[in-house]
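Notes follow once the structure below has been shown.
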Amino acid sequence: MSLKDLLDSSKDKSLSGQKWHMLRQTIIKRLLSVGNATIAELSAELQSSVPTVTKAVNELLPEGYIIDLGKITNSGGRRPSLYSINPTCAYFLGVEVSIASMSIGLQNIKNEFVSIELGTSFVLENTQESLFEFCNLIKSFVEDCSVEKKMIVGVCINFSGRINSMEGFSYNYFFSENRPLTEIISEQLDMPVHLENDTRAMTFGEYSEGVVDDEQNIIFLNYSWGVAIGMITDGKLYYGKSGYSGEFGHSTIFDNGIMCQCGKLGCLETEISGWSLVNQFKKALKEGKQSKILVDDSSPVLQHHAIIAGAFNLEDPLCVDLVTKQSEKMGRYLSILLNIFNPDLLVIGGDFSQLGDYVLLPIQSGLKKYSLGLVNRDMKLKKSTLGRRAGVIGACCVIKEKMLSPLINN
Ligand SMILES: [Zn+2]
């Protein structure tokens, strides 16, 4: 039996058949959300008789959805068995693509990684060849995993830029007017495909498995080569009408005449981002400032990583100075978001977040200086705990949530 059979509506259309199907789904939902349980616990929680729950559990066991963990120890009497969701009953594939590399991971239904590869070399170009190479890398990863492909329920792929997750279009990469990108990739991989904006997936990763405790209103800042935010409101990812929310980096803020990557002038990214850091670094060198870092003619993305590493590993004064100046400015403009949204938690993620206090303290200082005291006092500021894995973990969580929505949201 595949998970699809359990998620589909009952083939038996009689009232008793539908009730039975719903009971089986509810048992799986309970084991997924709360954890292991005995038949007595399931019976009490689901308000169904012990013989009925026993019958359902005895059906779900050989079908592979649940496993018997053995007898539990108690103070006396007959020792009941403890049941758990079978971690191998379904798998979820997550892929994150950036300009110069990609990361892939496969998680089981209990959010445990079976396999993960971070930073595989891949050059993202807007060509058919690049798309097929990308699909082939995913296929090879799946072939090399110890998991049968039919057990993988679906894949979520994160791209930067404008993504319409509902319709399956990516507007910055591999855009085709005629067909959604999800259809094209799904044909290649032979599995359901979901597209997600990279920052939104990272946000969901931190919410599901990262730094978030019980906070329900969160802003996640992806402070990297580009700058964007993800938002969780009342425990749900916020998309906006067509999925383009969170483009904080392209807010026109500065009157500096600098052309942004998006084609507009003076966006936030033109002074606060990885790519503007590279420009500021080169300008400072031309003006005679000294640095231990050598930026050659390698790709600008690699130069951005070199400057971040220079601040982190070598405490290079020029790198540290540029990063802290940018970050205080970042705090100033984040304070606008705080005043508007009044979140429980602001998470700083992305490449810059690995610099810890070099970034957090100036951001905090900017926030304190420019946001309303009451709003700021209400909010926690934390650094991402998932780091480079946030995107892949988020992608696995997004596809799991999407595919299991009949079990998770009913
Ligand atoms: Zn822009």
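Identifiers in the structure tokens: chain A, B, ... in order shown; residue index from 1 per chain; ligand index from 1 in order shown.
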10 Å from ligand 1 is the threshold here; counting only C-alpha atoms and all ligand atoms, which polymer residues fall inside it? Answer as a list in words. Gly226, Val227, Glu247, Phe248, Gly249, His250, Ser251, Thr252, Ile253, Ile258, Met259, Cys260, Gln261, Cys262, Gly263, Lys264, Leu265, Gly266, Cys267, Leu268, Glu269 and Thr270 of chain A
Could you give me, as a PyMOL selection string, the residues within 10 Å of range 45-59 of chain A, counting only C-alpha atoms and dropping anything in the same chain fewer than 3 positions from it? chain A and resi 20-21+23-28+30+38-42+62-68+83
Could you pull out the residues in range 105-169 of chain A that DSSP calls helix (DSSP H, G or I) from the backbone, as a VMD selection string? chain A and resid 128 to 144 149 to 151
Save out the residues we just selected, C-alpha atoms, as a short mmCIF file (atom, residue, chain, number, x, y, z; two decimals), in the first residue's frame.
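So out-v2.cif came out as:
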```
data_model
loop_
_atom_site.label_atom_id
_atom_site.label_comp_id
_atom_site.auth_asym_id
_atom_site.auth_seq_id
_atom_site.Cartn_x
_atom_site.Cartn_y
_atom_site.Cartn_z
CA GLN A 128 17.36 24.12 -21.55
CA GLU A 129 20.72 22.35 -21.06
CA SER A 130 21.08 23.76 -17.56
CA LEU A 131 17.54 22.60 -16.69
CA PHE A 132 18.23 19.06 -17.92
CA GLU A 133 21.57 18.93 -16.11
CA PHE A 134 19.75 20.05 -12.98
CA CYS A 135 17.14 17.27 -13.38
CA ASN A 136 19.89 14.71 -14.03
CA LEU A 137 21.68 15.66 -10.79
CA ILE A 138 18.45 15.08 -8.87
CA LYS A 139 17.90 11.74 -10.66
CA SER A 140 21.44 10.60 -9.80
CA PHE A 141 20.93 11.55 -6.15
CA VAL A 142 17.70 9.51 -6.02
CA GLU A 143 19.37 6.53 -7.73
CA ASP A 144 22.23 6.60 -5.21
CA LYS A 149 11.86 5.69 -5.76
CA LYS A 150 8.18 4.74 -5.46
CA MET A 151 8.38 5.51 -1.72
#
```
Which residues in range 318-358 of chain A does DSSP call strand (DSSP E)? List them as an MDAnalysis selection string. chainID A and resid 345:349
Can I get the selected residues back with N, CA and C atoms, as a PDB file, in the first residue's frame?
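As written to disk, part.pdb reads:
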```
ATOM      1  N   LEU A 345       8.928  37.087  16.849  1.00  0.00           N
ATOM      2  CA  LEU A 345      10.317  36.678  16.671  1.00  0.00           C
ATOM      3  C   LEU A 345      10.851  37.154  15.319  1.00  0.00           C
ATOM      4  N   LEU A 346      12.096  37.655  15.358  1.00  0.00           N
ATOM      5  CA  LEU A 346      12.806  37.976  14.115  1.00  0.00           C
ATOM      6  C   LEU A 346      14.016  37.036  14.053  1.00  0.00           C
ATOM      7  N   VAL A 347      14.101  36.250  12.980  1.00  0.00           N
ATOM      8  CA  VAL A 347      15.224  35.311  12.832  1.00  0.00           C
ATOM      9  C   VAL A 347      16.166  35.843  11.757  1.00  0.00           C
ATOM     10  N   ILE A 348      17.451  35.932  12.098  1.00  0.00           N
ATOM     11  CA  ILE A 348      18.434  36.358  11.102  1.00  0.00           C
ATOM     12  C   ILE A 348      19.079  35.107  10.507  1.00  0.00           C
ATOM     13  N   GLY A 349      18.854  34.912   9.210  1.00  0.00           N
ATOM     14  CA  GLY A 349      19.421  33.746   8.526  1.00  0.00           C
ATOM     15  C   GLY A 349      20.193  34.180   7.289  1.00  0.00           C
TER      16      GLY A 349
END
```
Skipping near chain neighbours, those fewer than 6 positions away, what residues fall within 6 Å of range 352-366 of chain A using only C-alpha atoms, listed as number ranges by chain? A: 223-224, 312, 324, 327-328, 331-332
Between CA of Tyr238 in chain A and CA of Met102 in chain A, distance in Å (one decimal): 25.0 Å
From the list A:Cys397, A:Leu322, A:Ala37, A:Leu334, which residue is nearest Leu93 in chain A when using only C-alpha atoms? A:Cys397
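CA of Gly154 in chain A sits 19.4 Å away from CA of Glu209 in chain A.
The shell of residues at most 8 Å from Leu124 in chain A, with only C-alpha atoms counted and near chain neighbours (fewer than 5 positions) removed, consists of Val97, Ser98, Ile99, Ala100, Ser101 and Ser130 of chain A.
Between Leu189 in chain A and the candidates A:Phe159, A:Asn164, A:Leu318, A:Val153, the tightest atom-to-atom separation, counting only C-alpha atoms, involves A:Val153.
Minimum atom-to-atom distances from A:Phe175, A:Phe204, A:Trp275, A:Phe254 to Ile232 in chain A were compared using only C-alpha atoms, and the lowest value belongs to A:Phe204.
Distance annotation: of A:Ala284, A:Leu31, A:Val392, A:Leu374, the residue with the minimal separation from Ser335 in chain A is A:Leu374; atom set is only C-alpha atoms.
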Which neighbours of Glu117 in chain A fall inside 9 Å, counting only C-alpha atoms, when residues of the same chain fewer than 2 positions from it are skipped, and could you give them as an NGL selection string? :A and (102-105 or 115 or 119-120 or 141)
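Reported to one decimal place, the separation of CA of Gln107 in chain A from CA of Ile157 in chain A is 14.1 Å.
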Between A:Tyr333, A:His194, A:Asn178, A:Asp344, which is the closest to Gly235 in chain A once you count only C-alpha atoms? A:Asp344
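The smallest atom-to-atom distance between Ser186 in chain A and any of A:Ile229, A:Met166, A:Val155, A:Leu32, using only C-alpha atoms, is found for A:Val155.
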